[in-house]
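Data file: entry-v5.txt. Format and content: compact mmCIF, C-alpha atoms.
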```
# COMPACT_ATOMS: atom_id res chain seq x y z
CA ILE W 2 -33.47 4.89 -69.24
CA SER W 3 -35.91 7.67 -68.35
CA PHE W 4 -35.96 6.55 -64.71
CA HIS W 5 -32.26 7.39 -64.51
CA THR W 6 -33.29 11.02 -64.00
CA VAL W 7 -34.34 10.00 -60.50
CA ILE W 8 -31.19 8.16 -59.45
CA LEU W 9 -28.39 9.87 -61.40
CA VAL W 10 -26.73 12.30 -59.02
CA GLN W 11 -23.32 13.93 -59.20
CA SER W 12 -21.54 11.95 -56.53
CA LYS W 13 -18.62 9.60 -56.09
CA GLU W 14 -20.72 7.29 -53.93
CA ILE W 15 -23.53 4.85 -54.66
CA THR W 16 -26.73 6.11 -53.03
CA PRO W 17 -29.45 3.91 -51.44
CA ALA W 18 -31.86 5.04 -54.18
CA GLU W 19 -29.47 3.72 -56.80
CA ILE W 20 -29.20 0.34 -55.09
CA ILE W 21 -32.99 0.02 -55.05
CA PHE W 22 -33.22 1.16 -58.67
CA PHE W 23 -30.61 -1.28 -59.94
CA ILE W 24 -32.27 -4.20 -58.12
CA TYR W 25 -35.47 -3.20 -59.90
CA PHE W 26 -33.54 -2.82 -63.16
CA LEU W 27 -32.00 -6.28 -62.80
CA LEU W 28 -35.42 -7.81 -62.23
CA LEU W 29 -36.63 -6.23 -65.46
CA PHE W 30 -33.54 -7.45 -67.32
CA SER W 31 -33.96 -10.95 -65.90
CA SER W 32 -37.58 -10.98 -67.09
CA TRP W 33 -36.52 -9.85 -70.57
CA PHE W 34 -33.68 -12.38 -70.65
CA PHE W 35 -36.00 -15.23 -69.61
CA GLN W 36 -38.57 -14.28 -72.24
CA ARG W 37 -36.07 -13.94 -75.07
CA VAL W 38 -33.60 -16.73 -74.33
CA ILE W 39 -35.60 -19.38 -72.44
CA ILE W 40 -39.07 -19.01 -73.96
CA GLU W 41 -38.36 -17.62 -77.45
CA ARG W 42 -34.95 -19.36 -77.65
CA LYS W 43 -33.26 -16.42 -79.34
CA ARG W 44 -29.60 -15.56 -79.01
CA ILE W 45 -28.55 -12.26 -77.48
CA VAL W 46 -24.82 -12.79 -78.02
CA LYS W 47 -24.17 -12.73 -81.76
CA GLU W 48 -21.44 -10.30 -82.78
CA LYS W 49 -17.81 -9.97 -81.73
CA PRO W 50 -18.46 -7.00 -79.36
CA ASP W 51 -21.15 -9.08 -77.61
CA TYR W 52 -18.72 -11.88 -76.78
CA ILE W 53 -16.07 -9.41 -75.61
CA LEU W 54 -18.56 -7.68 -73.30
CA VAL W 55 -19.59 -11.06 -71.83
CA LEU W 56 -15.91 -11.78 -71.14
CA PHE W 57 -15.56 -8.36 -69.51
CA PHE W 58 -18.56 -9.09 -67.28
CA ALA W 59 -16.89 -12.34 -66.25
CA ILE W 60 -13.74 -10.43 -65.23
CA VAL W 61 -15.84 -7.89 -63.31
CA PHE W 62 -17.67 -10.56 -61.31
CA LEU W 63 -14.48 -12.58 -60.75
CA SER W 64 -12.93 -9.46 -59.20
CA LEU W 65 -14.76 -10.59 -56.06
CA ILE W 66 -11.95 -13.13 -55.49
CA PRO W 67 -9.05 -10.64 -55.23
CA ALA W 68 -11.39 -8.27 -53.37
CA LEU W 69 -11.97 -10.90 -50.67
CA ILE W 70 -8.26 -11.75 -50.58
CA ASN W 71 -7.52 -8.06 -49.99
CA LYS W 72 -10.17 -7.94 -47.24
CA VAL W 73 -12.53 -5.65 -49.11
CA TYR W 74 -15.97 -5.46 -47.55
CA ILE W 75 -18.50 -7.23 -49.77
CA VAL W 76 -20.79 -4.18 -49.55
CA ASN W 77 -18.05 -1.99 -51.02
CA TRP W 78 -17.48 -4.51 -53.83
CA PHE W 79 -21.21 -4.55 -54.60
CA ARG W 80 -21.43 -0.75 -54.56
CA GLU W 81 -18.79 -0.51 -57.27
CA LEU W 82 -20.38 -3.33 -59.23
CA ILE W 83 -23.71 -1.51 -59.57
CA PRO W 84 -22.67 1.06 -62.23
CA PHE W 85 -21.21 -1.71 -64.43
CA LEU W 86 -24.58 -3.46 -64.49
CA THR W 87 -25.89 -0.61 -66.66
CA PHE W 88 -23.87 -2.15 -69.49
CA VAL W 89 -26.55 -4.85 -69.83
CA ILE W 90 -28.69 -2.20 -71.58
CA TYR W 91 -26.33 -2.77 -74.51
CA PHE W 92 -27.77 -6.26 -75.07
CA ILE W 93 -31.36 -5.00 -74.91
CA VAL W 94 -30.67 -2.18 -77.38
CA ALA W 95 -28.76 -4.49 -79.74
CA ALA W 96 -31.62 -7.00 -79.71
CA GLU W 97 -34.67 -4.73 -79.73
CA VAL W 98 -33.66 -1.62 -81.72
CA LYS W 99 -34.22 -2.98 -85.22
CA ASN W 100 -35.26 -0.05 -87.40
CA GLN W 101 -35.36 3.75 -87.71
CA LYS W 102 -38.58 4.00 -85.69
CA HIS W 103 -36.93 2.23 -82.77
CA SER W 104 -33.82 4.40 -83.07
CA LEU W 105 -35.88 7.61 -83.00
CA LEU W 106 -37.82 6.35 -79.98
CA LEU W 107 -34.56 5.69 -78.14
CA LEU W 108 -33.22 9.12 -79.12
CA SER W 109 -36.46 10.75 -77.94
CA VAL W 110 -35.98 9.25 -74.48
CA LEU W 111 -32.34 10.39 -74.43
CA CYS W 112 -33.43 13.86 -75.56
CA ALA W 113 -36.09 14.06 -72.84
CA VAL W 114 -33.65 12.99 -70.12
CA THR W 115 -31.12 15.55 -71.33
CA LEU W 116 -33.68 18.36 -71.41
CA PHE W 117 -34.67 17.45 -67.85
CA PHE W 118 -31.06 17.88 -66.69
CA ALA W 119 -30.66 21.06 -68.76
CA ALA W 120 -33.81 22.71 -67.37
CA LYS W 121 -32.84 21.82 -63.82
CA ASN W 122 -29.28 23.14 -64.22
CA ILE W 123 -30.29 26.37 -65.96
CA PHE W 124 -32.97 27.09 -63.36
CA LEU W 125 -30.59 26.51 -60.44
CA TYR W 126 -27.78 28.49 -62.07
CA ARG W 127 -30.05 31.45 -62.82
CA ASN W 128 -31.23 31.51 -59.20
CA LEU W 129 -27.66 31.37 -57.88
CA LEU W 130 -26.55 34.13 -60.24
CA SER W 131 -29.32 36.39 -59.01
CA GLY W 132 -27.70 36.34 -55.58
CA ALA W 133 -24.09 36.61 -56.79
CA ARG W 134 -22.10 39.53 -55.38
CA TYR W 135 -18.57 38.67 -56.48
CA PHE W 136 -17.00 37.67 -59.80
CA TRP W 137 -15.77 34.30 -58.51
CA GLU W 138 -19.35 33.29 -57.63
CA ILE W 139 -20.18 33.05 -61.35
CA ALA W 140 -17.95 30.00 -61.83
CA SER W 141 -18.51 28.59 -58.35
CA SER W 142 -22.26 28.42 -59.07
CA ARG W 143 -21.58 25.89 -61.86
CA GLN W 144 -24.11 23.09 -62.44
CA VAL W 145 -22.41 19.84 -63.46
CA LEU W 146 -25.23 17.26 -63.51
CA GLY W 147 -25.57 15.59 -66.93
CA GLU W 148 -22.32 16.82 -68.51
CA ILE W 149 -21.84 13.81 -70.79
CA PHE W 150 -25.52 13.96 -71.81
CA PHE W 151 -24.96 17.50 -73.07
CA VAL W 152 -21.85 16.54 -75.05
CA THR W 153 -23.66 13.53 -76.55
CA ASN W 154 -26.74 15.46 -77.60
CA LEU W 155 -24.76 18.35 -79.05
CA MET W 156 -22.89 15.93 -81.30
CA LEU W 157 -26.15 14.24 -82.30
CA GLY W 158 -27.72 17.64 -82.91
CA PHE W 159 -24.97 18.88 -85.21
CA SER W 160 -24.80 15.54 -86.99
CA PHE W 161 -28.52 15.84 -87.78
CA LEU W 162 -28.22 19.54 -88.68
CA SER W 163 -25.56 18.60 -91.22
CA SER W 164 -27.90 16.07 -92.83
CA PRO W 165 -30.61 16.88 -95.46
CA LEU W 166 -33.62 17.06 -93.14
CA SER W 167 -36.75 19.23 -93.21
CA LYS W 168 -36.68 22.90 -92.14
CA LYS W 169 -39.12 22.15 -89.33
CA THR W 170 -36.82 19.47 -87.95
CA LYS W 171 -33.77 21.70 -88.22
CA THR W 172 -35.55 24.58 -86.47
CA PHE W 173 -36.25 22.27 -83.53
CA LEU W 174 -32.64 21.04 -83.60
CA ILE W 175 -31.25 24.59 -83.48
CA ILE W 176 -33.38 25.45 -80.44
CA PHE W 177 -32.46 22.14 -78.81
CA THR W 178 -28.70 22.51 -79.39
CA ILE W 179 -28.73 26.09 -78.06
CA ILE W 180 -30.39 24.96 -74.81
CA ILE W 181 -28.00 22.03 -74.45
CA GLY W 182 -24.99 24.17 -75.44
CA GLY W 183 -25.84 26.67 -72.72
CA SER W 184 -26.18 23.84 -70.23
CA LEU W 185 -22.74 22.53 -71.15
CA ALA W 186 -21.26 26.02 -70.82
CA ILE W 187 -22.53 26.53 -67.25
CA THR W 188 -20.94 23.26 -66.11
CA PHE W 189 -17.61 25.14 -66.34
CA SER W 190 -16.09 21.67 -66.91
CA ARG W 191 -12.99 22.15 -69.03
CA GLY W 192 -12.58 18.45 -69.70
CA TYR W 193 -16.06 18.15 -71.19
CA TRP W 194 -15.57 21.34 -73.17
CA LEU W 195 -12.42 19.90 -74.70
CA ALA W 196 -14.16 16.57 -75.33
CA PHE W 197 -16.94 18.44 -77.12
CA ILE W 198 -14.47 20.37 -79.28
CA LEU W 199 -12.53 17.20 -80.12
CA GLY W 200 -15.74 15.32 -80.89
CA MET W 201 -16.98 18.11 -83.16
CA PHE W 202 -13.62 18.15 -84.95
CA ILE W 203 -13.85 14.37 -85.55
CA LEU W 204 -17.49 14.66 -86.62
CA PHE W 205 -16.52 17.24 -89.26
CA PHE W 206 -14.14 14.78 -90.91
CA LEU W 207 -16.80 12.05 -90.92
CA LEU W 208 -19.14 14.24 -93.00
CA ASN W 209 -19.26 14.40 -96.79
CA LYS W 210 -18.66 17.65 -98.69
CA LYS W 211 -22.27 18.88 -98.65
CA GLU W 212 -22.66 17.96 -94.99
CA LYS W 213 -19.49 19.88 -94.11
CA ILE W 214 -20.98 23.05 -95.65
CA SER W 215 -24.19 22.60 -93.66
CA TYR W 216 -22.14 21.88 -90.53
CA VAL W 217 -20.18 25.16 -90.78
CA THR W 218 -23.32 27.16 -91.66
CA TYR W 219 -25.32 25.89 -88.70
CA MET W 220 -22.36 26.30 -86.38
CA PHE W 221 -22.32 30.05 -87.11
CA ILE W 222 -26.11 30.22 -86.69
CA PHE W 223 -25.81 28.33 -83.41
CA LEU W 224 -23.11 30.65 -82.03
CA PHE W 225 -24.99 33.82 -83.02
CA ILE W 226 -28.38 32.81 -81.61
CA ALA W 227 -26.74 31.33 -78.50
CA ALA W 228 -24.96 34.64 -77.79
CA VAL W 229 -28.15 36.66 -78.28
CA GLY W 230 -30.17 34.21 -76.18
CA ALA W 231 -27.61 34.28 -73.37
CA TYR W 232 -27.64 38.08 -73.34
CA ILE W 233 -31.43 38.12 -73.05
CA PHE W 234 -31.45 35.40 -70.39
CA ILE W 235 -28.81 36.78 -68.01
CA GLY W 236 -29.00 40.44 -68.97
CA ASP W 237 -26.65 42.84 -67.20
CA ILE W 238 -24.20 40.15 -66.03
CA PHE W 239 -23.72 38.69 -69.55
CA GLU W 240 -20.27 40.26 -69.84
CA PHE W 241 -19.11 38.86 -66.49
CA VAL W 242 -20.35 35.35 -67.30
CA GLY W 243 -18.57 35.55 -70.65
CA LEU W 244 -15.33 36.60 -68.98
CA SER W 245 -15.68 33.83 -66.40
CA LEU W 246 -16.14 31.24 -69.16
CA ALA W 247 -13.19 32.65 -71.09
CA GLU W 248 -10.94 32.43 -68.06
CA ARG W 249 -11.45 28.66 -67.68
CA PHE W 250 -9.53 27.65 -70.82
CA PRO W 251 -6.25 29.52 -70.20
CA THR W 252 -5.89 27.72 -66.85
CA LEU W 253 -5.29 24.48 -68.78
CA LYS W 254 -1.87 25.89 -69.74
CA GLN W 255 -1.05 26.61 -66.09
CA VAL W 256 -0.63 23.01 -64.95
CA SER W 257 2.00 23.95 -62.42
CA SER W 258 -0.40 26.27 -60.59
CA ASP W 259 -3.87 24.77 -61.22
CA ILE W 260 -4.73 23.04 -57.95
CA SER W 261 -7.42 20.85 -59.56
CA ILE W 262 -5.00 19.44 -62.13
CA LEU W 263 -2.24 19.07 -59.56
CA ASN W 264 -4.58 17.15 -57.27
CA ARG W 265 -5.46 14.71 -60.05
CA ILE W 266 -1.77 14.21 -60.78
CA SER W 267 -1.23 13.45 -57.10
CA GLU W 268 -4.16 11.03 -57.22
CA ALA W 269 -2.68 9.30 -60.29
CA LYS W 270 0.68 8.90 -58.52
CA GLY W 271 -1.10 7.34 -55.55
CA ILE W 272 -2.97 4.74 -57.59
CA LEU W 273 0.13 4.00 -59.68
CA GLY W 274 1.96 3.17 -56.48
CA SER W 275 -0.71 0.57 -55.69
CA ILE W 276 -1.01 -0.78 -59.25
CA LYS W 277 2.48 -2.31 -59.21
CA TYR W 278 1.21 -4.92 -56.75
CA TYR W 279 -2.05 -5.75 -58.55
CA PHE W 280 -1.59 -5.16 -62.29
CA ALA W 281 -1.98 -8.88 -63.16
CA ALA W 282 -5.39 -9.64 -61.64
CA GLY W 283 -6.39 -6.39 -59.96
CA ALA W 284 -7.15 -5.66 -56.33
CA GLY W 285 -10.88 -6.14 -56.91
CA LEU W 286 -13.80 -3.71 -56.99
CA GLY W 287 -14.12 -1.86 -53.71
CA ALA W 288 -10.36 -1.79 -53.10
CA LYS W 289 -9.00 1.56 -51.94
CA PHE W 290 -5.71 3.39 -52.40
CA ARG W 291 -4.01 6.31 -50.71
CA TYR W 292 -2.85 9.62 -52.13
CA PHE W 293 -2.13 13.08 -50.81
CA ASP W 294 -5.12 15.36 -51.39
CA ILE W 295 -3.64 18.78 -52.15
CA ILE W 296 -6.98 20.58 -51.91
CA ASP W 297 -7.88 19.31 -48.41
CA ASN W 298 -4.22 18.92 -47.37
CA VAL W 299 -4.77 15.38 -46.05
CA THR W 300 -3.85 11.83 -47.05
CA ALA W 301 -7.01 10.44 -48.63
CA ASN W 302 -8.03 6.80 -48.67
CA THR W 303 -10.43 6.35 -51.59
CA TRP W 304 -11.80 3.92 -54.17
CA TYR W 305 -12.41 6.65 -56.76
CA SER W 306 -9.98 7.60 -59.52
CA HIS W 307 -10.47 10.34 -62.11
CA ASN W 308 -8.25 8.38 -64.51
CA ALA W 309 -10.40 5.51 -65.81
CA PHE W 310 -7.45 3.62 -67.31
CA LEU W 311 -5.61 3.47 -63.98
CA TYR W 312 -8.85 2.56 -62.22
CA PHE W 313 -9.40 -0.46 -64.47
CA ILE W 314 -5.83 -1.71 -64.08
CA TYR W 315 -5.94 -1.33 -60.29
CA LYS W 316 -9.38 -2.89 -59.81
CA LEU W 317 -9.54 -5.44 -62.65
CA GLY W 318 -5.92 -5.82 -63.71
CA LEU W 319 -4.54 -5.48 -67.23
CA PRO W 320 -6.93 -8.20 -68.52
CA GLY W 321 -9.87 -6.06 -67.41
CA LEU W 322 -8.61 -2.92 -69.13
CA ILE W 323 -7.59 -4.72 -72.32
CA THR W 324 -10.91 -6.57 -72.59
CA PHE W 325 -12.91 -3.40 -72.08
CA LEU W 326 -10.86 -1.48 -74.66
CA LEU W 327 -11.29 -4.32 -77.17
CA PHE W 328 -15.05 -3.96 -76.72
CA TYR W 329 -14.83 -0.18 -76.89
CA PHE W 330 -12.80 -0.03 -80.11
CA SER W 331 -14.80 -2.80 -81.75
CA ILE W 332 -17.86 -0.56 -81.38
CA ILE W 333 -15.97 2.32 -83.02
CA LYS W 334 -14.85 -0.01 -85.82
CA TYR W 335 -18.40 -1.24 -86.41
CA GLY W 336 -19.61 2.37 -86.43
CA ILE W 337 -17.10 3.42 -89.10
CA GLN W 338 -17.99 0.39 -91.23
CA PHE W 339 -21.69 1.20 -90.83
CA ILE W 340 -21.15 4.80 -92.00
CA LYS W 341 -19.49 3.57 -95.20
CA ILE W 342 -22.36 1.29 -96.25
CA GLU W 343 -25.50 2.82 -94.71
CA SER W 344 -27.74 4.93 -96.96
CA ASN W 345 -30.40 5.84 -94.38
CA ILE W 346 -29.87 9.50 -93.42
CA ILE W 347 -31.05 9.15 -89.81
CA GLU W 348 -29.12 5.98 -89.03
CA CYS W 349 -25.96 7.35 -90.65
CA ALA W 350 -26.18 10.62 -88.68
CA ILE W 351 -26.51 8.66 -85.44
CA ALA W 352 -23.50 6.51 -86.32
CA LYS W 353 -21.31 9.52 -87.13
CA ALA W 354 -22.17 11.21 -83.83
CA ALA W 355 -21.57 7.96 -81.93
CA VAL W 356 -18.12 7.39 -83.45
CA ALA W 357 -17.08 10.99 -82.73
CA LEU W 358 -18.41 10.73 -79.17
CA PHE W 359 -16.65 7.43 -78.41
CA ILE W 360 -13.30 8.76 -79.59
CA ALA W 361 -13.73 11.97 -77.58
CA MET W 362 -14.76 10.01 -74.45
CA PHE W 363 -11.65 7.84 -74.75
CA PHE W 364 -9.39 10.86 -74.27
CA LEU W 365 -11.71 12.45 -71.71
CA SER W 366 -11.31 9.30 -69.57
CA ILE W 367 -7.76 10.36 -68.72
CA SER W 368 -9.16 12.99 -66.37
CA SER W 369 -12.81 11.99 -66.00
CA PRO W 370 -13.87 8.34 -65.51
CA GLN W 371 -16.20 7.84 -68.47
CA PHE W 372 -15.73 4.06 -68.49
CA TYR W 373 -17.35 3.56 -65.10
CA GLN W 374 -19.11 6.82 -64.29
CA LYS W 375 -22.84 6.23 -63.90
CA ASP W 376 -24.22 8.70 -66.45
CA SER W 377 -21.42 8.03 -68.96
CA ILE W 378 -22.11 4.28 -69.01
CA LEU W 379 -25.75 5.00 -69.73
```
Turn this file's structure into structure tokens for me.
Amino acid sequence: ISFHTVILVQSKEITPAEIIFFIYFLLLFSSWFFQRVIIERKRIVKEKPDYILVLFFAIVFLSLIPALINKVYIVNWFRELIPFLTFVIYFIVAAEVKNQKHSLLLLSVLCAVTLFFAAKNIFLYRNLLSGARYFWEIASSRQVLGEIFFVTNLMLGFSFLSSPLSKKTKTFLIIFTIIIGGSLAITFSRGYWLAFILGMFILFFLLNKKEKISYVTYMFIFLFIAAVGAYIFIGDIFEFVGLSLAERFPTLKQVSSDISILNRISEAKGILGSIKYYFAAGAGLGAKFRYFDIIDNVTANTWYSHNAFLYFIYKLGLPGLITFLLFYFSIIKYGIQFIKIESNIIECAIAKAAVALFIAMFFLSISSPQFYQKDSIL
């Protein structure tokens, strides 16, 4: 997981470094699989979500057949396959994370990766701001790497802050959430902002009465210290950055004039036009579709879709989308059941954050492809 800091880049393409990394990753998984299944003779497919994910993998690999029928280059099919292979981490985590110590170790790695992205983004943004001469440059200097990591860790942070933990732990969590919150803010990504707000709203309702009080208290502390910290960090342009951030939300109401939203609507119309021919079995990974790109004023021919639901139907057919959603919602169901019976504070806090995150990501996938985006799968 930590090595993903090297290969996760904000791009719609699969880079050579990623291909090399995933070959290496598959070799490691194969070694683990051989040790556990062949030598130790232990099962890795036990629960209902496990079987559904195996079925989904079968559909993904079988997409090679329609891809070849539709004359998709095998290299293009393989490039789109690579991100899906990250899902095999699920089996390793399910098999090897057995207690609180293991869970905290996994969270520590996730925390370290997120802080790496946060430090990089904040450093780059601060440097770009120092050379800004116009108001529009504040938003255009946005740093978007690791958006979903920031949303995930903020939900985990507030879930832990709402739990009865030590003051030392909560002091660290406040500092951590402020850094991550600032990193999410400078992405200027409205979709992830909304996902964060929705996730936090859901998290609130998953908490008990005492936890809700702690949640509200630490939210106010977070907002106050974050505002003071931002003022110290960016100094005389604090007001302009604040105005730039505030201007991003109202544009969501202006669908008819927001070129970014209009372009995604145009993209959705383009892929819908192609779906009607392939909704049963899909066109296969690597298949492309056409749409009119309003921003560049050209007809684009692309494999990438911001709407993950339409992507799955077009590439894998309705069976692919349905199978994946069955897996997705079975995880949410298991999480809710776990929250009701689990007494361990740490494990319960993780489960609450995970359920809130999964629900938020479901809606975010309408405009941002969480189901197959490299960092989101991780």
- Message: Which residue is closest to Gly318 (chain W)? Choose from W:Lys102, W:Leu63, W:Tyr91, W:Pro17 and count only C-alpha atoms.
- Response: W:Leu63
- May I ask which of the residues W:Ala96, W:Val76, W:Phe150, W:Leu111 is the closest one to Lys47 (chain W), counting only C-alpha atoms?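 Nearest to Lys47 (chain W): W:Ala96.
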- Atom pair CA of Arg44 (chain W) / CA of Ala95 (chain W): separation (Å): 11.1 Å
- Task: Select, from W:Leu273, W:Lys316, W:Lys49, W:Tyr216, the residue with the minimum atom-to-atom distance to Phe62 (chain W), counting all atoms listed in the file.
- Result: W:Lys316
- Item | For Leu365 (chain W), the nearest of the candidates W:Trp194, W:Tyr278, W:Tyr312, W:Trp304, counting only C-alpha atoms |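 Of W:Trp194, W:Tyr278, W:Tyr312, W:Trp304, the one nearest Leu365 (chain W) is W:Trp194, counting only C-alpha atoms.
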- Item | Residue nearest Phe280 (chain W) among W:Gly183, W:Pro67, W:Lys99, W:Cys112 (counting all atoms listed in the file) |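 Comparing W:Gly183, W:Pro67, W:Lys99, W:Cys112 against Phe280 (chain W), the winner is W:Pro67.
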- Message: Report, in Å to a single decimal, how far apart CA of Ala309 (chain W) and CA of Tyr373 (chain W) are.
- Response: 7.3 Å
- Please indicate the distance in Å from CA of Phe221 (chain W) to CA of Phe161 (chain W), rounded to one decimal place.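 That distance, rounded to one decimal, is 15.5 Å.
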- Message: Using all atoms listed in the file, can you tell me which of W:Ile214, W:Ile351, W:Leu82, W:Leu166 comes closest to Gly285 (chain W)?
- Response: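 Among the listed residues, W:Leu82 lies closest to Gly285 (chain W).
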Might you pull out every residue within 12 Å of Arg265 (chain W), with only C-alpha atoms counted and same-chain residues fewer than 3 positions away left off, and present them as a PDB file with C-alpha atoms, keeping the file's coordinate frame?
```pdb
ATOM      1  CA  VAL W 256      -0.630  23.010 -64.950  1.00  0.00           C
ATOM      2  CA  ASP W 259      -3.870  24.770 -61.220  1.00  0.00           C
ATOM      3  CA  ILE W 260      -4.730  23.040 -57.950  1.00  0.00           C
ATOM      4  CA  SER W 261      -7.420  20.850 -59.560  1.00  0.00           C
ATOM      5  CA  ILE W 262      -5.000  19.440 -62.130  1.00  0.00           C
ATOM      6  CA  GLU W 268      -4.160  11.030 -57.220  1.00  0.00           C
ATOM      7  CA  ALA W 269      -2.680   9.300 -60.290  1.00  0.00           C
ATOM      8  CA  LYS W 270       0.680   8.900 -58.520  1.00  0.00           C
ATOM      9  CA  GLY W 271      -1.100   7.340 -55.550  1.00  0.00           C
ATOM     10  CA  ILE W 272      -2.970   4.740 -57.590  1.00  0.00           C
ATOM     11  CA  TYR W 292      -2.850   9.620 -52.130  1.00  0.00           C
ATOM     12  CA  PHE W 293      -2.130  13.080 -50.810  1.00  0.00           C
ATOM     13  CA  ASP W 294      -5.120  15.360 -51.390  1.00  0.00           C
ATOM     14  CA  ILE W 295      -3.640  18.780 -52.150  1.00  0.00           C
ATOM     15  CA  ILE W 296      -6.980  20.580 -51.910  1.00  0.00           C
ATOM     16  CA  TYR W 305     -12.410   6.650 -56.760  1.00  0.00           C
ATOM     17  CA  SER W 306      -9.980   7.600 -59.520  1.00  0.00           C
ATOM     18  CA  HIS W 307     -10.470  10.340 -62.110  1.00  0.00           C
ATOM     19  CA  ASN W 308      -8.250   8.380 -64.510  1.00  0.00           C
ATOM     20  CA  ALA W 309     -10.400   5.510 -65.810  1.00  0.00           C
ATOM     21  CA  LEU W 311      -5.610   3.470 -63.980  1.00  0.00           C
ATOM     22  CA  ILE W 367      -7.760  10.360 -68.720  1.00  0.00           C
ATOM     23  CA  SER W 368      -9.160  12.990 -66.370  1.00  0.00           C
ATOM     24  CA  SER W 369     -12.810  11.990 -66.000  1.00  0.00           C
ATOM     25  CA  PRO W 370     -13.870   8.340 -65.510  1.00  0.00           C
TER      26      PRO W 370
END
```
- Query: Which neighbours of Ile2 (chain W) fall inside 10 Å, counting all atoms listed in the file, when residues of the same chain fewer than 5 positions from it are skipped, and could you give them as a count of residues only?
  - Reply: 8
- Task: Determine, counting all atoms listed in the file, which protein, DNA and RNA residues have an atom within 9 Å of an atom of Ile180 (chain W); residues of the same chain fewer than 3 positions away are not included. Present the result as JSON, numbers by chain.
- Result: {"W": [116, 119, 120, 123, 175, 176, 177, 183, 184, 185, 227]}
- Query: Lys334 (chain W): which residues within 9 Å, counting only C-alpha atoms, same-chain residues fewer than 5 positions away excluded, as an NGL selection string?
  - Reply: :W and (329 or 339 or 356)
Please produce an output containing C-alpha atoms for each residue in the selection, written as a PDB file, in the frame of the given file.
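Heads up, here's the output in part32.pdb:
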```
ATOM      1  CA  TYR W 329     -14.830  -0.180 -76.890  1.00  0.00           C
ATOM      2  CA  PHE W 339     -21.690   1.200 -90.830  1.00  0.00           C
ATOM      3  CA  VAL W 356     -18.120   7.390 -83.450  1.00  0.00           C
TER       4      VAL W 356
END
```
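A cut-off of 8 Å from the point (-18.9, 12.2, -69.4), with all atoms listed in the file, picks out the residues Gly147, Glu148, Ile149, Phe150, Val152, Tyr193, Met362, Leu365, Ser369, Pro370, Gln371, Gln374, Asp376 and Ser377 of chain W.
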- Task: Could you give me, as an MDAnalysis selection string, the residues that have an atom at most 12 Å away from the point (-31.3, -3.0, -79.1) in the coordinates of the file, using only C-alpha atoms?
- Result: chainID W and resid 45:46 51 89:101 103:104 106:107
- Message: Neighbouring residues of Ala361 (chain W) were defined as those with any atom within 10 Å, considering all atoms listed in the file; residues of the same chain fewer than 6 positions away were excluded. Please report them as a VMD selection string.
- Response: chain W and resid 152 193 195 to 203 355
Export of prior selection with C-alpha atoms as an mmCIF file, keeping the file's coordinate frame:
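File produced: out02.cif:
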```cif
data_model
loop_
_atom_site.group_PDB
_atom_site.id
_atom_site.type_symbol
_atom_site.label_atom_id
_atom_site.label_comp_id
_atom_site.auth_asym_id
_atom_site.auth_seq_id
_atom_site.Cartn_x
_atom_site.Cartn_y
_atom_site.Cartn_z
ATOM 1 C CA VAL W 152 -21.850 16.540 -75.050
ATOM 2 C CA TYR W 193 -16.060 18.150 -71.190
ATOM 3 C CA LEU W 195 -12.420 19.900 -74.700
ATOM 4 C CA ALA W 196 -14.160 16.570 -75.330
ATOM 5 C CA PHE W 197 -16.940 18.440 -77.120
ATOM 6 C CA ILE W 198 -14.470 20.370 -79.280
ATOM 7 C CA LEU W 199 -12.530 17.200 -80.120
ATOM 8 C CA GLY W 200 -15.740 15.320 -80.890
ATOM 9 C CA MET W 201 -16.980 18.110 -83.160
ATOM 10 C CA PHE W 202 -13.620 18.150 -84.950
ATOM 11 C CA ILE W 203 -13.850 14.370 -85.550
ATOM 12 C CA ALA W 355 -21.570 7.960 -81.930
#
```
